[in-house]
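*Asks:* What follows is target_22.txt; its format and atoms are compact mmCIF, C-alpha atoms and all ligand atoms.
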# COMPACT_ATOMS: atom_id res chain seq x y z
CA MET A 7 0.00 0.00 0.00
CA ASN A 8 1.09 3.55 -0.57
CA LYS A 9 0.40 6.65 1.49
CA ILE A 10 -2.82 7.41 3.29
CA GLU A 11 -5.02 8.79 0.53
CA HIS A 12 -7.60 10.33 2.83
CA ILE A 13 -9.36 10.05 6.16
CA GLY A 14 -13.15 9.66 6.09
CA ILE A 15 -15.26 11.35 8.74
CA ALA A 16 -18.94 10.48 9.21
CA VAL A 17 -21.17 13.50 9.79
CA LYS A 18 -24.90 13.98 10.21
CA ASP A 19 -25.33 17.22 8.32
CA LEU A 20 -22.99 17.72 5.38
CA ASP A 21 -23.73 21.44 4.91
CA GLN A 22 -23.08 22.24 8.56
CA SER A 23 -19.95 20.13 8.65
CA CYS A 24 -18.63 21.66 5.43
CA ASP A 25 -18.84 25.07 7.10
CA LEU A 26 -17.23 23.70 10.25
CA TYR A 27 -14.33 22.00 8.45
CA ALA A 28 -13.79 25.02 6.19
CA LYS A 29 -13.31 27.04 9.39
CA LEU A 30 -11.15 24.39 11.01
CA LEU A 31 -8.87 23.80 8.04
CA GLY A 32 -8.95 27.31 6.62
CA VAL A 33 -9.93 26.12 3.14
CA PRO A 34 -13.30 25.40 1.58
CA ALA A 35 -14.25 21.96 0.27
CA TYR A 36 -12.86 21.58 -3.25
CA LYS A 37 -15.44 19.06 -4.30
CA ARG A 38 -18.80 17.62 -3.34
CA GLU A 39 -20.02 14.40 -4.77
CA SER A 40 -22.86 11.95 -4.22
CA VAL A 41 -22.29 8.23 -4.55
CA ALA A 42 -25.79 6.86 -4.93
CA SER A 43 -24.70 3.21 -4.88
CA GLU A 44 -23.21 3.72 -1.40
CA GLY A 45 -25.97 6.00 -0.14
CA VAL A 46 -23.55 8.83 0.70
CA ASP A 47 -22.98 12.48 -0.01
CA THR A 48 -19.33 13.42 0.28
CA ALA A 49 -17.23 16.56 0.48
CA PHE A 50 -13.45 16.73 0.09
CA PHE A 51 -10.93 19.08 1.64
CA LEU A 52 -7.25 19.40 0.88
CA THR A 53 -4.74 20.72 3.43
CA GLY A 54 -1.20 20.44 2.19
CA GLU A 55 -0.96 16.86 0.97
CA ASN A 56 -3.71 15.67 3.24
CA LYS A 57 -7.20 14.92 2.14
CA ILE A 58 -10.25 14.75 4.37
CA GLU A 59 -13.52 13.25 3.19
CA LEU A 60 -16.75 14.09 4.98
CA LEU A 61 -19.52 11.53 4.52
CA ALA A 62 -23.19 11.93 5.25
CA ALA A 63 -25.95 9.41 4.66
CA SER A 64 -28.08 10.24 1.63
CA ALA A 65 -30.50 7.35 2.01
CA ALA A 66 -32.22 5.45 4.80
CA ASN A 67 -30.15 2.48 6.02
CA SER A 68 -27.02 3.53 4.16
CA PRO A 69 -23.85 2.14 5.80
CA VAL A 70 -22.76 5.61 6.95
CA GLY A 71 -26.15 6.24 8.57
CA THR A 72 -25.91 2.92 10.39
CA PHE A 73 -22.39 3.78 11.53
CA ILE A 74 -23.53 7.12 12.99
CA GLU A 75 -26.49 5.48 14.72
CA LYS A 76 -24.21 2.94 16.38
CA ARG A 77 -21.08 4.96 17.06
CA GLY A 78 -21.95 8.58 16.52
CA GLU A 79 -20.16 11.04 14.28
CA GLY A 80 -16.40 10.77 13.93
CA ILE A 81 -13.61 9.05 12.08
CA HIS A 82 -15.19 6.46 9.82
CA HIS A 83 -12.34 5.05 7.74
CA ILE A 84 -8.73 5.41 6.69
CA ALA A 85 -8.08 5.09 2.97
CA PHE A 86 -4.80 3.94 1.47
CA ASP A 87 -3.72 4.65 -2.05
CA VAL A 88 -2.82 1.50 -3.99
CA ASP A 89 -1.37 1.06 -7.47
CA ASP A 90 -3.29 -2.09 -8.33
CA ILE A 91 -6.42 -2.60 -6.26
CA ARG A 92 -7.13 -6.13 -7.52
CA GLN A 93 -3.63 -7.26 -6.64
CA GLU A 94 -3.89 -5.66 -3.19
CA MET A 95 -7.32 -7.26 -2.59
CA GLU A 96 -5.84 -10.65 -3.50
CA ARG A 97 -2.89 -10.09 -1.17
CA LEU A 98 -5.15 -9.14 1.75
CA LYS A 99 -7.49 -12.07 1.14
CA ASN A 100 -4.50 -14.42 1.23
CA GLU A 101 -3.45 -12.82 4.53
CA GLY A 102 -6.89 -13.69 5.93
CA PHE A 103 -8.52 -10.27 5.85
CA VAL A 104 -12.20 -10.05 5.00
CA LEU A 105 -13.10 -7.73 2.15
CA LEU A 106 -16.51 -6.09 2.02
CA SER A 107 -16.83 -6.61 -1.72
CA GLU A 108 -15.52 -9.21 -4.12
CA GLU A 109 -14.87 -6.66 -6.82
CA PRO A 110 -13.58 -3.07 -6.66
CA LYS A 111 -16.41 -0.53 -6.76
CA PRO A 112 -16.51 2.97 -8.19
CA GLY A 113 -16.15 5.45 -5.32
CA ALA A 114 -16.07 9.22 -4.96
CA ASP A 115 -13.25 11.38 -6.32
CA ASN A 116 -12.51 9.21 -9.36
CA LYS A 117 -11.45 6.11 -7.48
CA LEU A 118 -11.93 2.38 -7.53
CA ILE A 119 -12.45 1.33 -3.94
CA CYS A 120 -12.77 -1.68 -1.68
CA PHE A 121 -13.27 -1.80 2.09
CA VAL A 122 -11.64 -4.23 4.49
CA HIS A 123 -13.87 -5.48 7.32
CA PRO A 124 -13.04 -3.64 10.56
CA LYS A 125 -13.42 -6.84 12.61
CA GLY A 126 -10.08 -8.00 11.26
CA THR A 127 -8.27 -4.67 11.61
CA ASN A 128 -8.71 -3.74 15.27
CA GLY A 129 -11.95 -1.93 14.59
CA VAL A 130 -10.62 0.33 11.86
CA LEU A 131 -12.49 0.38 8.58
CA VAL A 132 -9.77 0.42 5.91
CA GLU A 133 -10.44 1.54 2.36
CA LEU A 134 -8.22 0.70 -0.57
CA CYS A 135 -8.39 3.19 -3.39
CA GLN A 136 -6.89 3.26 -6.80
CA GLU A 137 -7.08 6.35 -8.96
CA ILE A 138 -9.09 5.70 -12.13
CA LYS A 139 -6.78 6.73 -14.90
CA THR A 140 -8.36 8.45 -17.86
CA ALA A 141 -7.09 8.35 -21.41
CA ALA A 142 -5.81 11.92 -20.90
CA ASP A 143 -3.39 10.65 -18.22
CA GLY A 144 -2.08 8.07 -20.65
CA GLY A 145 -3.51 5.27 -18.51
CA GLU A 146 -5.77 2.37 -19.33
ZN ZN B 201 -13.11 7.23 1.58
How would this structure read if it were set down as structure tokens?
Ligand code: ZN
*Replies:*
Amino acid sequence: MNKIEHIGIAVKDLDQSCDLYAKLLGVPAYKRESVASEGVDTAFFLTGENKIELLAASAANSPVGTFIEKRGEGIHHIAFDVDDIRQEMERLKNEGFVLLSEEPKPGADNKLICFVHPKGTNGVLVELCQEIKTAADGGE
């Protein structure tokens, strides 16, 4: 795995939290994006090299909503950048980790993502993310 790509924070009210984090970090969100398949609305902040993702539930019984119900607002996941998500998923499976999906899924911010079950990682939800390369980047 490469560097931490971002830290995900679960929030109840995305508008309120966008204002709050803009004040905290001193920069506004550079992007907001809804991922309907995951039932989340997201907002991204960049401070130096660090990226923070705010997540709010956009649908009833979305995983983020369930998380907030059980554990309250707060740090939801840590995402690591990977070069080849399928290879990394295979490696983790062989190490005995439980993945939350069999295949990488499209996530926010132009990424392919996969989550690792927090039961096997000391309670930390880990996200793998691989940048989706576009033809303009010379990628696949
Ligand atoms: Zn994330």
*Asks:* Taking all atoms listed in the file into account, which of A:Lys29, A:Lys111, A:Lys125, A:His83 comes nearest ligand ZN 201 (chain B)?
*Replies:*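 Looking at the shortest contact to ligand ZN 201 (chain B), the residue is A:His83.
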*Asks:* Just give me the residues with any atom within 12 Å of (-26.2, 6.5, -5.4), file coordinates, counting all atoms listed in the file, written as a list in words.
*Replies:*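 Here the neighbourhood of the point contains Glu39, Ser40, Val41, Ala42, Ser43, Glu44, Gly45, Val46, Asp47, Thr48, Ala63, Ser64, Ala65, Ala66, Ser68, Pro112, Gly113 and Ala114 of chain A.
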*Asks:* Go ahead and save the picked residues with C-alpha atoms, as a short mmCIF file (atom, residue, chain, number, x, y, z; two decimals), keeping the file's coordinate frame.
*Replies:*
data_model
loop_
_atom_site.label_atom_id
_atom_site.label_comp_id
_atom_site.auth_asym_id
_atom_site.auth_seq_id
_atom_site.Cartn_x
_atom_site.Cartn_y
_atom_site.Cartn_z
CA GLU A 39 -20.02 14.40 -4.77
CA SER A 40 -22.86 11.95 -4.22
CA VAL A 41 -22.29 8.23 -4.55
CA ALA A 42 -25.79 6.86 -4.93
CA SER A 43 -24.70 3.21 -4.88
CA GLU A 44 -23.21 3.72 -1.40
CA GLY A 45 -25.97 6.00 -0.14
CA VAL A 46 -23.55 8.83 0.70
CA ASP A 47 -22.98 12.48 -0.01
CA THR A 48 -19.33 13.42 0.28
CA ALA A 63 -25.95 9.41 4.66
CA SER A 64 -28.08 10.24 1.63
CA ALA A 65 -30.50 7.35 2.01
CA ALA A 66 -32.22 5.45 4.80
CA SER A 68 -27.02 3.53 4.16
CA PRO A 112 -16.51 2.97 -8.19
CA GLY A 113 -16.15 5.45 -5.32
CA ALA A 114 -16.07 9.22 -4.96
#
*Asks:* So which one's closest to ligand ZN 201 (chain B), A:Tyr27, A:Tyr36, A:Phe86, A:Phe51? Using all atoms listed in the file, please.
*Replies:*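 When distances to ligand ZN 201 (chain B) are compared using all atoms listed in the file, the smallest one comes from A:Phe86.
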*Asks:* Distance limit 12 Å, reference ligand ZN 201 (chain B), atoms considered: only C-alpha atoms and all ligand atoms. Which residues make the cut? Give them as an MDAnalysis selection string.
*Replies:* chainID A and resid 10:16 39 41 44 46:50 57:62 70 81:87 111:122 131:136
*Asks:* Please provide as a list in words all residues within 12 Å of A:Gly32, with the sequence filter that same-chain residues fewer than 3 positions apart are discarded (counting all atoms listed in the file).
*Replies:* Cys24, Asp25, Leu26, Tyr27, Ala28, Lys29, Ala35, Phe51, Leu52, Thr53 and Gly54 of chain A
*Asks:* Just how far from atom CA of A:Ile138 is atom CA of A:Asn100, in Å to one decimal?
*Replies:*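 Between atom CA of A:Asn100 and atom CA of A:Ile138 the gap is 24.6 Å.
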*Asks:* Interatomic distance between atom CA of A:Asp89 and atom CA of A:Leu105?
*Replies:*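 Taking atom CA of A:Asp89 and atom CA of A:Leu105, their separation equals 17.5 Å.
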*Asks:* Have a look at atom CA of A:Phe103 and atom CA of A:Pro124 and let me know their distance in Å, one decimal.
*Replies:*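 Separation between atom CA of A:Phe103 and atom CA of A:Pro124: 9.3 Å.
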*Asks:* Could you write out as AutoDock Vina command-line options the box around stretch 103-110 of chain A (axis-aligned, all atoms listed in the file, 8 Å on each side), with centre and edge lengths in Å to one decimal?
*Replies:*
--center_x -12.7 --center_y -6.7 --center_z -0.5 --size_x 24.3 --size_y 23.2 --size_z 28.7
*Asks:* Taking all atoms listed in the file into account, which of A:Val130, A:His123, A:Val17, A:Gln93 comes nearest A:Ser107?
*Replies:*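 For A:Ser107, the nearest of the given residues is A:His123.
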